[in-house]
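Colleague: This is my_file-v3.txt (compact mmCIF, N, CA and C atoms).
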```txt
# COMPACT_ATOMS: atom_id res chain seq x y z
N GLN A 1 -57.67 -68.49 62.70
CA GLN A 1 -57.18 -68.66 64.06
C GLN A 1 -55.80 -68.02 64.17
N VAL A 2 -55.63 -67.22 65.23
CA VAL A 2 -54.35 -66.53 65.42
C VAL A 2 -53.35 -67.50 66.04
N GLN A 3 -52.15 -67.47 65.50
CA GLN A 3 -51.07 -68.28 66.05
C GLN A 3 -49.82 -67.43 66.18
N LEU A 4 -48.99 -67.78 67.14
CA LEU A 4 -47.70 -67.11 67.33
C LEU A 4 -46.58 -68.09 66.98
N ALA A 5 -45.59 -67.59 66.27
CA ALA A 5 -44.46 -68.44 65.89
C ALA A 5 -43.16 -67.72 66.20
N GLU A 6 -42.35 -68.34 67.06
CA GLU A 6 -41.06 -67.77 67.41
C GLU A 6 -39.98 -68.29 66.46
N SER A 7 -38.93 -67.50 66.28
CA SER A 7 -37.77 -67.90 65.51
C SER A 7 -36.55 -67.14 66.00
N GLY A 8 -35.38 -67.61 65.58
CA GLY A 8 -34.15 -66.90 65.91
C GLY A 8 -33.32 -67.53 67.02
N GLY A 9 -33.84 -68.58 67.63
CA GLY A 9 -33.06 -69.23 68.68
C GLY A 9 -31.88 -69.98 68.10
N GLY A 10 -30.99 -70.42 68.99
CA GLY A 10 -29.82 -71.16 68.53
C GLY A 10 -28.77 -71.26 69.61
N LEU A 11 -27.57 -71.62 69.18
CA LEU A 11 -26.43 -71.78 70.08
C LEU A 11 -25.49 -70.59 69.91
N VAL A 12 -25.10 -70.00 71.03
CA VAL A 12 -24.21 -68.84 70.99
C VAL A 12 -23.25 -68.93 72.17
N GLN A 13 -22.09 -68.33 72.02
CA GLN A 13 -21.11 -68.33 73.10
C GLN A 13 -21.42 -67.23 74.12
N THR A 14 -20.91 -67.39 75.31
CA THR A 14 -21.05 -66.36 76.33
C THR A 14 -20.56 -65.02 75.81
N GLY A 15 -21.36 -63.99 76.05
CA GLY A 15 -21.03 -62.66 75.57
C GLY A 15 -21.59 -62.33 74.20
N GLY A 16 -22.13 -63.33 73.54
CA GLY A 16 -22.69 -63.14 72.20
C GLY A 16 -24.09 -62.56 72.22
N SER A 17 -24.67 -62.45 71.02
CA SER A 17 -25.99 -61.85 70.86
C SER A 17 -26.88 -62.73 69.98
N LEU A 18 -28.16 -62.61 70.22
CA LEU A 18 -29.17 -63.25 69.37
C LEU A 18 -30.37 -62.32 69.32
N ARG A 19 -31.13 -62.41 68.22
CA ARG A 19 -32.39 -61.69 68.13
C ARG A 19 -33.51 -62.67 67.85
N LEU A 20 -34.45 -62.72 68.75
CA LEU A 20 -35.62 -63.56 68.58
C LEU A 20 -36.74 -62.75 67.94
N SER A 21 -37.53 -63.44 67.14
CA SER A 21 -38.70 -62.84 66.52
C SER A 21 -39.93 -63.67 66.85
N CYS A 22 -41.05 -63.01 66.90
CA CYS A 22 -42.33 -63.70 67.11
C CYS A 22 -43.35 -63.02 66.22
N THR A 23 -43.90 -63.80 65.30
CA THR A 23 -44.87 -63.26 64.35
C THR A 23 -46.24 -63.89 64.57
N ALA A 24 -47.25 -63.04 64.56
CA ALA A 24 -48.63 -63.50 64.72
C ALA A 24 -49.26 -63.67 63.35
N SER A 25 -49.72 -64.85 63.08
CA SER A 25 -50.41 -65.11 61.82
C SER A 25 -51.91 -65.14 62.08
N GLY A 26 -52.68 -64.72 61.09
CA GLY A 26 -54.12 -64.72 61.22
C GLY A 26 -54.66 -63.53 62.00
N ARG A 27 -53.80 -62.55 62.25
CA ARG A 27 -54.23 -61.40 63.03
C ARG A 27 -54.47 -60.21 62.10
N THR A 28 -55.49 -59.38 62.43
CA THR A 28 -55.75 -58.19 61.63
C THR A 28 -55.52 -56.91 62.43
N VAL A 29 -55.48 -57.04 63.73
CA VAL A 29 -55.23 -55.91 64.61
C VAL A 29 -54.13 -56.31 65.58
N SER A 30 -53.21 -55.42 65.81
CA SER A 30 -52.10 -55.73 66.71
C SER A 30 -52.60 -55.98 68.13
N ALA A 31 -51.99 -56.92 68.79
CA ALA A 31 -52.37 -57.24 70.16
C ALA A 31 -52.04 -56.09 71.10
N TYR A 32 -52.78 -55.99 72.19
CA TYR A 32 -52.54 -54.93 73.16
C TYR A 32 -51.14 -55.08 73.76
N ALA A 33 -50.79 -56.28 74.18
CA ALA A 33 -49.50 -56.50 74.81
C ALA A 33 -48.83 -57.74 74.26
N MET A 34 -47.53 -57.67 74.16
CA MET A 34 -46.73 -58.81 73.75
C MET A 34 -45.66 -59.03 74.81
N GLY A 35 -45.36 -60.28 75.07
CA GLY A 35 -44.36 -60.57 76.10
C GLY A 35 -43.47 -61.73 75.72
N TRP A 36 -42.36 -61.81 76.39
CA TRP A 36 -41.43 -62.94 76.27
C TRP A 36 -41.23 -63.54 77.66
N PHE A 37 -41.28 -64.84 77.70
CA PHE A 37 -40.98 -65.60 78.91
C PHE A 37 -39.96 -66.67 78.55
N ARG A 38 -39.33 -67.25 79.54
CA ARG A 38 -38.41 -68.35 79.28
C ARG A 38 -38.52 -69.40 80.35
N GLN A 39 -38.14 -70.59 79.98
CA GLN A 39 -38.22 -71.71 80.94
C GLN A 39 -37.09 -72.68 80.69
N ASP A 40 -36.37 -72.98 81.73
CA ASP A 40 -35.33 -73.99 81.71
C ASP A 40 -35.94 -75.25 82.33
N PRO A 41 -35.59 -76.44 81.85
CA PRO A 41 -36.14 -77.66 82.43
C PRO A 41 -35.96 -77.72 83.94
N GLY A 42 -37.01 -78.05 84.65
CA GLY A 42 -36.93 -78.16 86.10
C GLY A 42 -37.15 -76.85 86.82
N LYS A 43 -37.35 -75.77 86.06
CA LYS A 43 -37.57 -74.47 86.67
C LYS A 43 -38.91 -73.90 86.25
N GLU A 44 -39.37 -72.91 86.99
CA GLU A 44 -40.61 -72.25 86.64
C GLU A 44 -40.39 -71.29 85.46
N ARG A 45 -41.48 -71.03 84.75
CA ARG A 45 -41.38 -70.08 83.64
C ARG A 45 -41.11 -68.68 84.21
N GLU A 46 -40.18 -67.99 83.58
CA GLU A 46 -39.72 -66.69 84.07
C GLU A 46 -40.07 -65.57 83.10
N PHE A 47 -40.53 -64.47 83.63
CA PHE A 47 -40.83 -63.29 82.81
C PHE A 47 -39.53 -62.68 82.31
N VAL A 48 -39.49 -62.34 81.03
CA VAL A 48 -38.31 -61.73 80.43
C VAL A 48 -38.57 -60.27 80.06
N ALA A 49 -39.60 -60.03 79.25
CA ALA A 49 -39.86 -58.67 78.79
C ALA A 49 -41.29 -58.58 78.25
N ALA A 50 -41.80 -57.35 78.23
CA ALA A 50 -43.13 -57.10 77.68
C ALA A 50 -43.16 -55.71 77.08
N ILE A 51 -44.12 -55.51 76.16
CA ILE A 51 -44.25 -54.24 75.48
C ILE A 51 -45.72 -53.98 75.19
N ASN A 52 -46.15 -52.72 75.26
CA ASN A 52 -47.54 -52.40 74.99
C ASN A 52 -47.75 -52.19 73.49
N ARG A 53 -49.00 -51.90 73.10
CA ARG A 53 -49.33 -51.85 71.68
C ARG A 53 -48.51 -50.81 70.91
N SER A 54 -48.38 -49.64 71.47
CA SER A 54 -47.69 -48.57 70.74
C SER A 54 -46.17 -48.71 70.82
N GLY A 55 -45.70 -49.52 71.76
CA GLY A 55 -44.26 -49.64 71.96
C GLY A 55 -43.71 -48.57 72.89
N SER A 56 -44.58 -47.76 73.43
CA SER A 56 -44.14 -46.64 74.27
C SER A 56 -43.72 -47.10 75.67
N SER A 57 -44.20 -48.29 76.07
CA SER A 57 -43.86 -48.80 77.40
C SER A 57 -43.29 -50.20 77.29
N THR A 58 -42.16 -50.40 77.94
CA THR A 58 -41.51 -51.71 77.96
C THR A 58 -41.19 -52.09 79.41
N TYR A 59 -41.14 -53.38 79.64
CA TYR A 59 -40.91 -53.89 80.99
C TYR A 59 -39.95 -55.07 80.89
N TYR A 60 -39.10 -55.21 81.89
CA TYR A 60 -38.09 -56.26 81.86
C TYR A 60 -37.97 -56.97 83.20
N GLY A 61 -37.62 -58.25 83.11
CA GLY A 61 -37.27 -58.98 84.31
C GLY A 61 -35.92 -58.50 84.82
N ASP A 62 -35.72 -58.61 86.11
CA ASP A 62 -34.49 -58.09 86.72
C ASP A 62 -33.24 -58.73 86.13
N SER A 63 -33.32 -60.00 85.79
CA SER A 63 -32.13 -60.70 85.32
C SER A 63 -31.68 -60.31 83.92
N VAL A 64 -32.51 -59.59 83.18
CA VAL A 64 -32.15 -59.24 81.81
C VAL A 64 -32.06 -57.74 81.57
N LYS A 65 -32.39 -56.93 82.56
CA LYS A 65 -32.35 -55.48 82.40
C LYS A 65 -30.96 -55.01 81.99
N GLY A 66 -30.95 -54.14 81.00
CA GLY A 66 -29.68 -53.61 80.51
C GLY A 66 -29.02 -54.47 79.45
N ARG A 67 -29.50 -55.70 79.26
CA ARG A 67 -28.91 -56.60 78.26
C ARG A 67 -29.88 -56.94 77.14
N PHE A 68 -31.16 -57.03 77.46
CA PHE A 68 -32.18 -57.39 76.47
C PHE A 68 -33.02 -56.17 76.13
N THR A 69 -33.51 -56.15 74.89
CA THR A 69 -34.39 -55.07 74.45
C THR A 69 -35.56 -55.67 73.67
N ILE A 70 -36.77 -55.30 74.07
CA ILE A 70 -37.96 -55.75 73.36
C ILE A 70 -38.46 -54.62 72.46
N SER A 71 -38.93 -54.98 71.29
CA SER A 71 -39.48 -54.00 70.36
C SER A 71 -40.54 -54.70 69.51
N ARG A 72 -41.31 -53.92 68.77
CA ARG A 72 -42.34 -54.52 67.94
C ARG A 72 -42.53 -53.72 66.68
N ASP A 73 -43.00 -54.40 65.65
CA ASP A 73 -43.34 -53.79 64.37
C ASP A 73 -44.79 -54.18 64.09
N ASN A 74 -45.71 -53.29 64.37
CA ASN A 74 -47.13 -53.62 64.25
C ASN A 74 -47.55 -53.87 62.81
N ALA A 75 -46.88 -53.26 61.88
CA ALA A 75 -47.21 -53.49 60.46
C ALA A 75 -46.93 -54.94 60.07
N LYS A 76 -45.99 -55.54 60.76
CA LYS A 76 -45.63 -56.93 60.47
C LYS A 76 -46.17 -57.89 61.53
N PHE A 77 -46.91 -57.39 62.50
CA PHE A 77 -47.43 -58.21 63.59
C PHE A 77 -46.32 -59.02 64.24
N THR A 78 -45.20 -58.38 64.46
CA THR A 78 -44.01 -59.05 64.96
C THR A 78 -43.44 -58.33 66.16
N VAL A 79 -42.98 -59.11 67.12
CA VAL A 79 -42.26 -58.58 68.27
C VAL A 79 -40.88 -59.20 68.28
N TYR A 80 -39.90 -58.42 68.71
CA TYR A 80 -38.51 -58.86 68.71
C TYR A 80 -37.95 -58.83 70.13
N LEU A 81 -36.96 -59.66 70.34
CA LEU A 81 -36.20 -59.63 71.59
C LEU A 81 -34.73 -59.66 71.22
N GLN A 82 -34.08 -58.52 71.35
CA GLN A 82 -32.65 -58.44 71.11
C GLN A 82 -31.93 -58.79 72.40
N MET A 83 -31.10 -59.82 72.34
CA MET A 83 -30.42 -60.31 73.54
C MET A 83 -28.92 -60.12 73.36
N ASN A 84 -28.33 -59.30 74.19
CA ASN A 84 -26.89 -59.03 74.15
C ASN A 84 -26.23 -59.51 75.44
N SER A 85 -24.91 -59.61 75.39
CA SER A 85 -24.13 -60.03 76.57
C SER A 85 -24.72 -61.29 77.19
N LEU A 86 -24.98 -62.27 76.37
CA LEU A 86 -25.63 -63.48 76.84
C LEU A 86 -24.75 -64.27 77.80
N LYS A 87 -25.42 -64.89 78.75
CA LYS A 87 -24.75 -65.68 79.79
C LYS A 87 -25.28 -67.11 79.76
N PRO A 88 -24.53 -68.06 80.28
CA PRO A 88 -25.04 -69.45 80.31
C PRO A 88 -26.39 -69.56 81.02
N GLU A 89 -26.62 -68.72 82.00
CA GLU A 89 -27.90 -68.78 82.72
C GLU A 89 -29.08 -68.27 81.91
N ASP A 90 -28.81 -67.72 80.74
CA ASP A 90 -29.89 -67.32 79.83
C ASP A 90 -30.40 -68.50 79.00
N THR A 91 -29.71 -69.63 79.11
CA THR A 91 -30.14 -70.82 78.38
C THR A 91 -31.53 -71.25 78.81
N ALA A 92 -32.43 -71.38 77.85
CA ALA A 92 -33.82 -71.74 78.13
C ALA A 92 -34.59 -71.84 76.83
N VAL A 93 -35.82 -72.32 76.94
CA VAL A 93 -36.76 -72.19 75.84
C VAL A 93 -37.47 -70.85 76.03
N TYR A 94 -37.48 -70.05 74.98
CA TYR A 94 -38.08 -68.72 75.04
C TYR A 94 -39.45 -68.76 74.36
N TYR A 95 -40.45 -68.28 75.08
CA TYR A 95 -41.82 -68.28 74.60
C TYR A 95 -42.32 -66.86 74.38
N CYS A 96 -43.05 -66.70 73.30
CA CYS A 96 -43.72 -65.44 73.00
C CYS A 96 -45.17 -65.56 73.45
N ALA A 97 -45.74 -64.45 73.94
CA ALA A 97 -47.13 -64.45 74.38
C ALA A 97 -47.79 -63.14 73.99
N SER A 98 -49.11 -63.18 73.82
CA SER A 98 -49.83 -61.96 73.47
C SER A 98 -51.14 -61.88 74.23
N ARG A 99 -51.62 -60.64 74.34
CA ARG A 99 -52.91 -60.39 74.97
C ARG A 99 -53.67 -59.42 74.08
N GLU A 100 -54.91 -59.76 73.73
CA GLU A 100 -55.69 -58.94 72.84
C GLU A 100 -56.22 -57.67 73.48
N ALA A 101 -56.84 -57.81 74.64
CA ALA A 101 -57.55 -56.69 75.25
C ALA A 101 -56.67 -55.93 76.23
N TRP A 102 -57.11 -54.71 76.52
CA TRP A 102 -56.38 -53.89 77.50
C TRP A 102 -56.32 -54.61 78.84
N GLY A 103 -55.22 -54.37 79.57
CA GLY A 103 -55.07 -54.87 80.91
C GLY A 103 -54.09 -53.99 81.66
N PRO A 104 -54.09 -54.03 82.97
CA PRO A 104 -53.17 -53.18 83.75
C PRO A 104 -51.72 -53.56 83.50
N SER A 105 -50.91 -52.56 83.27
CA SER A 105 -49.51 -52.80 82.96
C SER A 105 -48.79 -53.49 84.12
N SER A 106 -49.33 -53.31 85.32
CA SER A 106 -48.70 -53.93 86.49
C SER A 106 -48.73 -55.46 86.42
N LYS A 107 -49.56 -56.00 85.54
CA LYS A 107 -49.68 -57.45 85.43
C LYS A 107 -48.98 -58.03 84.21
N MET A 108 -48.25 -57.22 83.48
CA MET A 108 -47.61 -57.69 82.25
C MET A 108 -46.53 -58.72 82.51
N GLY A 109 -46.06 -58.84 83.71
CA GLY A 109 -45.05 -59.84 84.04
C GLY A 109 -45.62 -61.17 84.46
N LEU A 110 -46.93 -61.30 84.42
CA LEU A 110 -47.59 -62.53 84.86
C LEU A 110 -47.99 -63.39 83.67
N GLU A 111 -47.79 -64.68 83.78
CA GLU A 111 -48.20 -65.59 82.70
C GLU A 111 -49.70 -65.50 82.44
N THR A 112 -50.47 -65.35 83.50
CA THR A 112 -51.93 -65.33 83.38
C THR A 112 -52.46 -64.09 82.66
N PHE A 113 -51.63 -63.10 82.44
CA PHE A 113 -52.04 -61.87 81.74
C PHE A 113 -52.27 -62.14 80.25
N TYR A 114 -51.63 -63.17 79.74
CA TYR A 114 -51.62 -63.42 78.30
C TYR A 114 -52.59 -64.53 77.91
N ASP A 115 -53.14 -64.43 76.70
CA ASP A 115 -54.13 -65.41 76.30
C ASP A 115 -53.72 -66.23 75.08
N LEU A 116 -52.53 -65.99 74.58
CA LEU A 116 -52.07 -66.78 73.45
C LEU A 116 -50.56 -66.96 73.58
N TRP A 117 -50.10 -68.17 73.30
CA TRP A 117 -48.69 -68.50 73.45
C TRP A 117 -48.15 -69.19 72.21
N GLY A 118 -46.86 -68.96 71.96
CA GLY A 118 -46.17 -69.68 70.90
C GLY A 118 -45.61 -70.99 71.42
N GLN A 119 -44.97 -71.73 70.52
CA GLN A 119 -44.43 -73.04 70.86
C GLN A 119 -43.05 -72.97 71.49
N GLY A 120 -42.38 -71.87 71.35
CA GLY A 120 -41.08 -71.70 71.97
C GLY A 120 -39.92 -71.92 71.03
N THR A 121 -38.80 -71.30 71.34
CA THR A 121 -37.57 -71.49 70.59
C THR A 121 -36.42 -71.63 71.58
N GLN A 122 -35.53 -72.58 71.30
CA GLN A 122 -34.44 -72.88 72.23
C GLN A 122 -33.29 -71.90 72.05
N VAL A 123 -32.82 -71.39 73.18
CA VAL A 123 -31.60 -70.57 73.20
C VAL A 123 -30.60 -71.26 74.12
N THR A 124 -29.42 -71.53 73.61
CA THR A 124 -28.38 -72.17 74.40
C THR A 124 -27.13 -71.31 74.37
N VAL A 125 -26.65 -70.96 75.55
CA VAL A 125 -25.45 -70.14 75.66
C VAL A 125 -24.35 -71.00 76.27
N SER A 126 -23.29 -71.19 75.50
CA SER A 126 -22.19 -72.03 75.96
C SER A 126 -21.16 -71.20 76.71
N SER A 127 -20.54 -71.83 77.71
CA SER A 127 -19.56 -71.11 78.52
C SER A 127 -18.16 -71.27 77.95
```
For this file, produce the structure as structure tokens.
Modeller:
Amino acid sequence: QVQLAESGGGLVQTGGSLRLSCTASGRTVSAYAMGWFRQDPGKEREFVAAINRSGSSTYYGDSVKGRFTISRDNAKFTVYLQMNSLKPEDTAVYYCASREAWGPSSKMGLETFYDLWGQGTQVTVSS
């Protein structure tokens, strides 16, 4: 059974950086798409970033463009989220998601596009 496990969350000061990782266990072929979402208590889950299988196409939510970078290492079945210039409003639980089969890139920002989710990792940015 394929599972996703996030790591790398923690507490950081405003302006600092963190790198999140998400590794798929039990997988033999890299997923078509990988994405990151985040959710703060009392708020809806928000799209952060997504990347296609080859890594040639990446997509970002408006609130993180220019500060976050998504990348993947298919040999390690791992996707990364490099987060720079962090702000208190970036505080949330960050979730990794994957989709096995091809799908339209226009839907990569939607939760329903993905068929497997990790448990999440907490990121807290102090002011």
Colleague: To one decimal in Å, tell me the separation between CA of Gly8 (chain A) and CA of Asn52 (chain A).
Modeller: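 It comes out at 21.7 Å.
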Colleague: Hey, could you make a per-residue contact list for region 21-42 of chain A against region 46-50 of chain A with 9 Å as the cut-off, showing the nearest pair of atoms and its distance in Å to one decimal, counting only C-alpha atoms, sorted by chain and number, as a Markdown table?
Modeller:
```
| residue | atom | partner | partner_atom | distance |
| --- | --- | --- | --- | --- |
| A:Ala33 | CA | A:Ala50 | CA | 7.0 |
| A:Met34 | CA | A:Ala50 | CA | 5.6 |
| A:Gly35 | CA | A:Ala50 | CA | 4.0 |
| A:Trp36 | CA | A:Ala49 | CA | 5.2 |
| A:Phe37 | CA | A:Phe47 | CA | 4.5 |
| A:Arg38 | CA | A:Glu46 | CA | 5.2 |
| A:Gln39 | CA | A:Glu46 | CA | 6.1 |
| A:Asp40 | CA | A:Glu46 | CA | 8.8 |
```
Colleague: Choose the residue, out of A:Ala75, A:Ser63, A:Phe68, A:Met83, that has the smallest atom-to-atom separation from Leu18 (chain A); count all atoms listed in the file.
Modeller: A:Met83
Colleague: Please work out which residues fall within 8 Å of (-53.1, -57.0, 64.7), coordinates as given in the file, with all atoms listed in the file counting, and return them as a PyMOL selection string.
Modeller: chain A and resi 24+26-32+74-77
Colleague: Extract the full set of strand (DSSP E) residues from region 9-107 of chain A according to DSSP on the backbone, and format it as a count of residues only.
Modeller: 49
Colleague: Identify, on the basis of all atoms listed in the file, every residue whose closest approach to Tyr95 (chain A) does not exceed 8 Å; exclude the query and any residue fewer than 2 positions from it along the same chain; express the result as a compact mmCIF listing (two decimals) with N, CA and C atoms, in the frame of the given file.
Modeller:
```
# COMPACT_ATOMS: atom_id res chain seq x y z
N GLU A 6 -42.35 -68.34 67.06
CA GLU A 6 -41.06 -67.77 67.41
C GLU A 6 -39.98 -68.29 66.46
N CYS A 22 -41.05 -63.01 66.90
CA CYS A 22 -42.33 -63.70 67.11
C CYS A 22 -43.35 -63.02 66.22
N GLY A 35 -45.36 -60.28 75.07
CA GLY A 35 -44.36 -60.57 76.10
C GLY A 35 -43.47 -61.73 75.72
N TRP A 36 -42.36 -61.81 76.39
CA TRP A 36 -41.43 -62.94 76.27
C TRP A 36 -41.23 -63.54 77.66
N PHE A 37 -41.28 -64.84 77.70
CA PHE A 37 -40.98 -65.60 78.91
C PHE A 37 -39.96 -66.67 78.55
N ARG A 38 -39.33 -67.25 79.54
CA ARG A 38 -38.41 -68.35 79.28
C ARG A 38 -38.52 -69.40 80.35
N GLN A 39 -38.14 -70.59 79.98
CA GLN A 39 -38.22 -71.71 80.94
C GLN A 39 -37.09 -72.68 80.69
N ALA A 92 -32.43 -71.38 77.85
CA ALA A 92 -33.82 -71.74 78.13
C ALA A 92 -34.59 -71.84 76.83
N VAL A 93 -35.82 -72.32 76.94
CA VAL A 93 -36.76 -72.19 75.84
C VAL A 93 -37.47 -70.85 76.03
N ALA A 97 -45.74 -64.45 73.94
CA ALA A 97 -47.13 -64.45 74.38
C ALA A 97 -47.79 -63.14 73.99
N SER A 98 -49.11 -63.18 73.82
CA SER A 98 -49.83 -61.96 73.47
C SER A 98 -51.14 -61.88 74.23
N TRP A 117 -50.10 -68.17 73.30
CA TRP A 117 -48.69 -68.50 73.45
C TRP A 117 -48.15 -69.19 72.21
N GLY A 118 -46.86 -68.96 71.96
CA GLY A 118 -46.17 -69.68 70.90
C GLY A 118 -45.61 -70.99 71.42
N GLN A 119 -44.97 -71.73 70.52
CA GLN A 119 -44.43 -73.04 70.86
C GLN A 119 -43.05 -72.97 71.49
N GLY A 120 -42.38 -71.87 71.35
CA GLY A 120 -41.08 -71.70 71.97
C GLY A 120 -39.92 -71.92 71.03
N THR A 121 -38.80 -71.30 71.34
CA THR A 121 -37.57 -71.49 70.59
C THR A 121 -36.42 -71.63 71.58
N GLN A 122 -35.53 -72.58 71.30
CA GLN A 122 -34.44 -72.88 72.23
C GLN A 122 -33.29 -71.90 72.05
```
Colleague: Rank nothing, just name the residue among A:Cys96, A:Met108, A:Thr78, A:Thr91 nearest to Ser57 (chain A), using only C-alpha atoms.
Modeller: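 Closest to Ser57 (chain A), using only C-alpha atoms: A:Met108.
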Colleague: Go through region 88-119 of chain A and collect every residue that DSSP, computed from the backbone, puts in helix (DSSP H, G or I); the answer should be as a ChimeraX atom specification.
Modeller: /A:88-90,105-107,111-113
Colleague: Work out how far atom C of Leu20 (chain A) is from atom C of Pro88 (chain A), in Å to one decimal.
Modeller: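 Taking atom C of Pro88 (chain A) as the start and atom C of Leu20 (chain A) as the end point, the length is 18.0 Å.
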Colleague: When distances are computed from only C-alpha atoms, which of A:Ser25, A:Gly9, A:Tyr80, A:Gly109 shows the smallest separation from Gly61 (chain A)?
Modeller: A:Gly109
Colleague: Of the candidates A:Ser7, A:Thr23, A:Asp115, A:Gly42, which one gets nearest to Ala101 (chain A) if we count only N, CA and C atoms?
Modeller: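 Closest candidate: A:Asp115.
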Colleague: Name the closest residue to Arg45 (chain A) among the candidates A:Ser126, A:Ser106, A:Thr112, A:Thr58; distances are taken between atoms, counting only C-alpha atoms.
Modeller: A:Thr112
Colleague: Go through A:Tyr94, A:Tyr59, A:Leu11, A:Lys87 one by one, measure the shortest atom-to-atom distance of each to Lys107 (chain A) using only C-alpha atoms, and give the residue with the smallest value.
Modeller: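 The answer is A:Tyr59, which sits nearest to Lys107 (chain A).
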Colleague: Enter the distance from CA of Val123 (chain A) to CA of Asp90 (chain A), in Å, rounded to one decimal.
Modeller: 7.6 Å
Colleague: Taking all heavy atoms as the atom set, what does region 116-122 of chain A look like once completed, written as a CSV table (one decimal), in the coordinates of the input?
Modeller:
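Everything below was put into out.csv:
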```
chain,number,residue,atom,x,y,z
A,116,LEU,N,-52.5,-66.0,74.6
A,116,LEU,CA,-52.1,-66.8,73.4
A,116,LEU,C,-50.6,-67.0,73.6
A,116,LEU,O,-49.8,-66.0,73.9
A,116,LEU,CB,-52.4,-66.1,72.1
A,116,LEU,CG,-52.0,-66.8,70.8
A,116,LEU,CD1,-52.9,-68.1,70.7
A,116,LEU,CD2,-52.3,-65.9,69.6
A,117,TRP,N,-50.1,-68.2,73.3
A,117,TRP,CA,-48.7,-68.5,73.4
A,117,TRP,C,-48.2,-69.2,72.2
A,117,TRP,O,-48.9,-69.9,71.5
A,117,TRP,CB,-48.5,-69.4,74.6
A,117,TRP,CG,-48.7,-68.8,76.0
A,117,TRP,CD1,-50.0,-68.6,76.5
A,117,TRP,CD2,-47.8,-68.2,76.8
A,117,TRP,NE1,-49.8,-67.9,77.7
A,117,TRP,CE2,-48.5,-67.7,78.0
A,117,TRP,CE3,-46.4,-68.1,76.8
A,117,TRP,CZ2,-47.8,-67.1,79.0
A,117,TRP,CZ3,-45.7,-67.5,77.9
A,117,TRP,CH2,-46.4,-67.0,79.0
A,118,GLY,N,-46.9,-69.0,72.0
A,118,GLY,CA,-46.2,-69.7,70.9
A,118,GLY,C,-45.6,-71.0,71.4
A,118,GLY,O,-45.8,-71.3,72.6
A,119,GLN,N,-45.0,-71.7,70.5
A,119,GLN,CA,-44.4,-73.0,70.9
A,119,GLN,C,-43.0,-73.0,71.5
A,119,GLN,O,-42.6,-74.0,72.1
A,119,GLN,CB,-44.4,-73.9,69.6
A,119,GLN,CG,-45.7,-74.3,69.0
A,119,GLN,CD,-46.6,-75.1,70.0
A,119,GLN,OE1,-46.1,-76.1,70.6
A,119,GLN,NE2,-47.8,-74.6,70.3
A,120,GLY,N,-42.4,-71.9,71.4
A,120,GLY,CA,-41.1,-71.7,72.0
A,120,GLY,C,-39.9,-71.9,71.0
A,120,GLY,O,-40.0,-72.6,70.0
A,121,THR,N,-38.8,-71.3,71.3
A,121,THR,CA,-37.6,-71.5,70.6
A,121,THR,C,-36.4,-71.6,71.6
A,121,THR,O,-36.3,-70.9,72.6
A,121,THR,CB,-37.3,-70.3,69.6
A,121,THR,OG1,-36.2,-70.6,68.8
A,121,THR,CG2,-37.1,-69.0,70.3
A,122,GLN,N,-35.5,-72.6,71.3
A,122,GLN,CA,-34.4,-72.9,72.2
A,122,GLN,C,-33.3,-71.9,72.0
A,122,GLN,O,-32.8,-71.7,70.9
A,122,GLN,CB,-33.9,-74.3,72.0
A,122,GLN,CG,-32.7,-74.7,72.9
A,122,GLN,CD,-33.1,-74.9,74.3
A,122,GLN,OE1,-34.1,-75.5,74.7
A,122,GLN,NE2,-32.3,-74.3,75.2
```
